[in-house]
Structure formats: C-alpha cells, structure tokens
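J.: Input coords_21.cif, format and content: mmCIF, C-alpha atoms.
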```
data_structure
#
loop_
_atom_site.label_atom_id
_atom_site.label_comp_id
_atom_site.auth_asym_id
_atom_site.auth_seq_id
_atom_site.Cartn_x
_atom_site.Cartn_y
_atom_site.Cartn_z
CA MET A 1468 183.61 127.08 65.28
CA GLY A 1469 180.52 125.04 64.50
CA ALA A 1470 177.05 125.77 65.80
CA TRP A 1471 177.02 122.50 67.73
CA LEU A 1472 180.17 123.49 69.62
CA THR A 1473 178.71 126.91 70.47
CA TRP A 1474 175.59 125.25 71.89
CA VAL A 1475 177.65 122.74 73.88
CA ILE A 1476 179.86 125.48 75.37
CA ILE A 1477 176.81 127.55 76.31
CA GLY A 1478 175.16 124.46 77.78
CA LEU A 1479 178.19 123.50 79.86
CA LEU A 1480 178.59 127.06 81.12
CA LEU A 1481 174.96 127.17 82.20
CA VAL A 1482 175.14 123.77 83.89
CA GLY A 1483 178.32 124.92 85.63
CA LEU A 1484 176.65 128.16 86.69
CA GLU A 1485 173.89 126.14 88.35
CA ILE A 1486 176.46 124.81 90.80
CA VAL A 1487 176.80 128.27 92.39
CA THR A 1488 173.07 129.09 92.40
CA PRO A 1489 170.70 127.43 94.87
CA ASN A 1490 167.43 127.68 92.95
CA PHE A 1491 167.73 124.78 90.45
CA PHE A 1492 166.62 126.91 87.52
CA ILE A 1493 169.54 127.60 85.18
CA ILE A 1494 170.42 123.94 84.69
CA PHE A 1495 167.37 123.41 82.47
CA PHE A 1496 168.56 126.12 80.08
CA GLY A 1497 171.94 124.38 80.02
CA ILE A 1498 170.36 121.03 79.25
CA GLY A 1499 168.27 122.70 76.54
CA ALA A 1500 171.43 124.16 75.01
CA LEU A 1501 173.09 120.74 75.06
CA ALA A 1502 170.05 119.29 73.28
CA ALA A 1503 170.28 122.04 70.67
CA GLY A 1504 173.96 121.19 70.28
CA ALA A 1505 173.06 117.58 69.61
CA ILE A 1506 170.54 118.67 66.97
CA ALA A 1507 173.16 120.94 65.37
CA ALA A 1508 175.66 118.07 65.35
CA LEU A 1509 173.12 116.05 63.36
CA GLY A 1510 173.20 118.80 60.75
CA LEU A 1511 169.72 120.19 61.30
CA SER A 1512 169.03 123.89 60.73
CA LEU A 1513 168.88 126.73 63.27
CA PRO A 1514 165.05 126.63 63.59
CA TRP A 1515 165.30 122.95 64.63
CA GLN A 1516 168.07 123.80 67.07
CA LEU A 1517 165.99 126.58 68.64
CA PHE A 1518 162.97 124.30 68.76
CA ALA A 1519 164.97 121.61 70.59
CA PHE A 1520 166.38 124.21 73.00
CA LEU A 1521 162.91 125.58 73.74
CA VAL A 1522 161.15 122.23 74.13
CA VAL A 1523 163.80 120.65 76.36
CA THR A 1524 164.10 123.78 78.50
CA LEU A 1525 160.33 124.09 78.99
CA ILE A 1526 159.91 120.40 79.79
CA GLY A 1527 162.63 120.75 82.39
CA LEU A 1528 161.27 123.95 83.91
CA PHE A 1529 157.61 123.01 84.05
CA GLY A 1530 157.71 119.24 84.09
CA LEU A 1531 160.71 118.25 86.15
CA ARG A 1532 161.82 121.17 88.33
CA LYS A 1533 159.23 120.67 91.06
CA PHE A 1534 159.96 116.93 91.31
CA VAL A 1535 163.72 117.35 91.34
CA GLN A 1536 163.58 120.05 94.02
CA LYS A 1537 161.29 117.88 96.11
CA GLY A 1538 163.67 114.93 95.81
CA LEU A 1539 166.72 117.00 96.70
CA ALA A 1540 165.05 118.58 99.72
CA GLY A 1541 164.57 115.23 101.43
CA PRO A 1542 161.92 114.48 104.01
CA THR A 1543 160.77 117.28 106.28
CA THR A 1544 161.05 116.76 109.99
CA LYS A 1545 158.92 118.61 112.49
CA THR A 1546 161.02 120.28 115.14
CA ASN A 1547 160.53 122.09 118.44
CA TYR A 1548 156.94 122.45 119.55
CA ASN A 1549 155.57 121.61 116.08
CA ALA A 1550 156.74 118.04 116.69
CA LEU A 1551 154.26 117.81 119.57
CA VAL A 1552 151.18 118.15 117.35
CA GLY A 1553 149.44 114.77 117.26
CA LYS A 1554 151.20 113.45 120.36
CA THR A 1555 149.38 112.19 123.42
CA GLY A 1556 149.87 113.75 126.85
CA LEU A 1557 148.59 113.51 130.38
CA VAL A 1558 146.75 116.28 132.23
CA THR A 1559 148.71 117.27 135.36
CA THR A 1560 146.62 120.29 136.41
CA ALA A 1561 142.91 120.08 135.63
CA ILE A 1562 141.71 122.03 132.63
CA THR A 1563 138.70 124.01 133.79
CA ALA A 1564 135.54 124.57 131.79
CA GLU A 1565 135.50 128.28 132.73
CA THR A 1566 138.95 129.24 131.44
CA GLY A 1567 139.90 126.17 129.44
CA LEU A 1568 143.37 126.42 130.99
CA GLY A 1569 145.44 123.74 132.72
CA ARG A 1570 148.75 121.91 132.41
CA VAL A 1571 149.79 118.76 130.58
CA THR A 1572 152.87 116.62 130.25
CA VAL A 1573 153.80 115.61 126.71
CA SER A 1574 156.97 113.66 125.89
CA GLY A 1575 158.20 114.23 129.44
CA GLU A 1576 157.83 118.02 129.27
CA ASP A 1577 155.37 120.16 131.23
CA TRP A 1578 153.29 122.58 129.14
CA ALA A 1579 150.52 125.11 129.71
CA ALA A 1580 147.45 123.79 127.95
CA LEU A 1581 144.26 125.21 126.52
CA ALA A 1582 141.30 122.95 125.83
CA GLU A 1583 140.08 122.92 122.24
CA THR A 1584 136.50 123.18 123.54
CA ASN A 1585 135.06 124.57 126.77
CA ALA A 1586 134.79 121.12 128.39
CA ALA A 1587 136.61 120.44 131.65
CA ILE A 1588 139.34 117.77 131.56
CA GLU A 1589 140.35 116.17 134.83
CA VAL A 1590 143.84 115.31 136.12
CA LYS A 1591 145.35 112.10 134.64
CA ALA A 1592 143.09 112.26 131.58
CA LYS A 1593 144.79 111.55 128.27
CA VAL A 1594 144.79 114.38 125.74
CA THR A 1595 146.02 114.82 122.18
CA VAL A 1596 147.83 117.96 121.07
CA VAL A 1597 145.92 119.46 118.13
CA SER A 1598 147.96 122.66 117.67
CA VAL A 1599 150.19 125.18 119.38
CA SER A 1600 149.34 128.79 120.19
CA GLY A 1601 152.24 130.79 121.55
CA VAL A 1602 153.56 128.81 124.50
CA ARG A 1603 150.35 126.83 125.05
CA LEU A 1604 149.38 123.50 123.63
CA ILE A 1605 145.83 123.28 122.33
CA VAL A 1606 144.55 119.87 123.41
CA ARG A 1607 141.48 117.65 123.17
CA ARG A 1608 140.53 114.68 125.29
CA THR A 1609 141.50 111.41 123.61
CA GLU A 1610 138.73 108.92 122.96
CA ASP A 1611 140.17 106.28 125.31
CA SER A 1612 140.42 108.51 128.41
CA HIS A 1613 136.75 108.55 129.49
#
```
Please render this file's structure as structure tokens.
T.:
Amino acid sequence: MGAWLTWVIIGLLLVGLEIVTPNFFIIFFGIGALAAGAIAALGLSLPWQLFAFLVVTLIGLFGLRKFVQKGLAGPTTKTNYNALVGKTGLVTTAITAETGLGRVTVSGEDWAALAETNAAIEVKAKVTVVSVSGVRLIVRRTEDSH
C-alpha cells in the first residue's frame, strides 16, 4: 500500500470521527492527513508529507476553527429575563429615593424594580432596563420621560 493511500485512509477516518465528536477539532487533523496524501501522491518525500500535514492542520486549528464554530453556532438569542435588558417599561408603583424599590411593567409583564441610582421615579415614567439582579429589574429613567 502506498504512502498516499495510508494518508488518505487516516484522513478519512479522522474526518469520519469528527462526525461523532461535538468539538470541531479532529477534522483539521483529517484534512491535514488528506493534504499529506496529496503530497505523497505527487511523489514527494516523507518530510514534505509531514510538513504539509503539519501546516494544513495548524492553519485549520488556529486560523479557521474559531470562525467555523462561530458560523455553525448561528446567532445567539437572548431568552427569559435577559431579553428584557435594553427594553423600555412603565413605572406602575413609584420607585422611592429611600429604598430605590418599585414596580414596572415591561413587555406586558409586571416586575419588581430597583433604580440604578437613588433618584425617585414617579408612576407612569418611562424606564429602561439596564440589567437584572435576581428577580428584580435594574432600571434607569429614560431621557424622554421628564
């Protein structure tokens, strides 16, 4: 059996093995082995084959892996309460300056709210959700609600 065939078999086995592993790592070794097989088929010596294997594998691992994983993952979607960050709500129970606590409605849901600063925010004022702490929304008055 020729060296090129050995490289191709190893490459195909590694690419096939990637199908059952979720980390998108082994495939680059398989592609490197296929490249080494192509070099062997051209009649080049073992050092050239190893060089091709190493270069193609390293380019894949360090140059392409991050981009390919990012592309396969698709866009991230905020869910649950994290999706509320950045949304605008309406104060339903005044947020007091003393405690900073009150209630707001955001996307049709009633939430306990904590003011980002110690300023009081009156009922019907518009607020923006800046973060979430436990079951409370951390809010700040929006610029257009004065």
J.: For A:Gly1469, find every residue with an atom within 9 Å (counting only C-alpha atoms), except residues of its own chain fewer than 3 positions away, and show them as an NGL selection string.
T.: :A and (1472-1474 or 1507-1508)
J.: Would you put the residues from that selection into a file with C-alpha atoms, as an mmCIF file, keeping the file's coordinate frame?
T.:
```cif
data_model
loop_
_atom_site.group_PDB
_atom_site.id
_atom_site.type_symbol
_atom_site.label_atom_id
_atom_site.label_comp_id
_atom_site.auth_asym_id
_atom_site.auth_seq_id
_atom_site.Cartn_x
_atom_site.Cartn_y
_atom_site.Cartn_z
ATOM 1 C CA LEU A 1472 180.170 123.490 69.620
ATOM 2 C CA THR A 1473 178.710 126.910 70.470
ATOM 3 C CA TRP A 1474 175.590 125.250 71.890
ATOM 4 C CA ALA A 1507 173.160 120.940 65.370
ATOM 5 C CA ALA A 1508 175.660 118.070 65.350
#
```
J.: Just the residues within 7 Å of A:Arg1607, please, counting only C-alpha atoms, with nothing from its chain fewer than 5 positions along; format it as a short mmCIF file (atom, residue, chain, number, x, y, z; two decimals) with C-alpha atoms, in the coordinates of the input.
T.:
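Below you can see part_24.cif, which holds the result:
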```
data_model
loop_
_atom_site.label_atom_id
_atom_site.label_comp_id
_atom_site.auth_asym_id
_atom_site.auth_seq_id
_atom_site.Cartn_x
_atom_site.Cartn_y
_atom_site.Cartn_z
CA ALA A 1582 141.30 122.95 125.83
CA GLU A 1583 140.08 122.92 122.24
CA VAL A 1594 144.79 114.38 125.74
CA THR A 1595 146.02 114.82 122.18
CA VAL A 1596 147.83 117.96 121.07
CA VAL A 1597 145.92 119.46 118.13
#
```
J.: Taking 4 positions as the minimum chain separation for residues in the same chain, which residues sit within 9 Å of A:Thr1584 when counting all atoms listed in the file? Answer as a ChimeraX atom specification.
T.: /A:1564,1567,1606-1607
J.: Between A:Ala1561, A:Ala1502, A:Ala1592, A:Leu1479, which residue has the minimum interatomic distance to A:Ala1580, considering all atoms listed in the file?
T.: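 Smallest separation from A:Ala1580 among the options: A:Ala1561.
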J.: Could you check the closest approach to A:Gly1556 for each of A:Val1482, A:Ile1588, A:Val1571, A:Ala1505 and tell me which residue wins, using only C-alpha atoms?
T.: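 Closest candidate: A:Val1571.
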J.: At what distance in Å, to one decimal, does atom CA of A:Ile1498 lie from atom CA of A:Ser1512?
T.: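 Rounded to one decimal, the two atoms are 18.8 Å apart.
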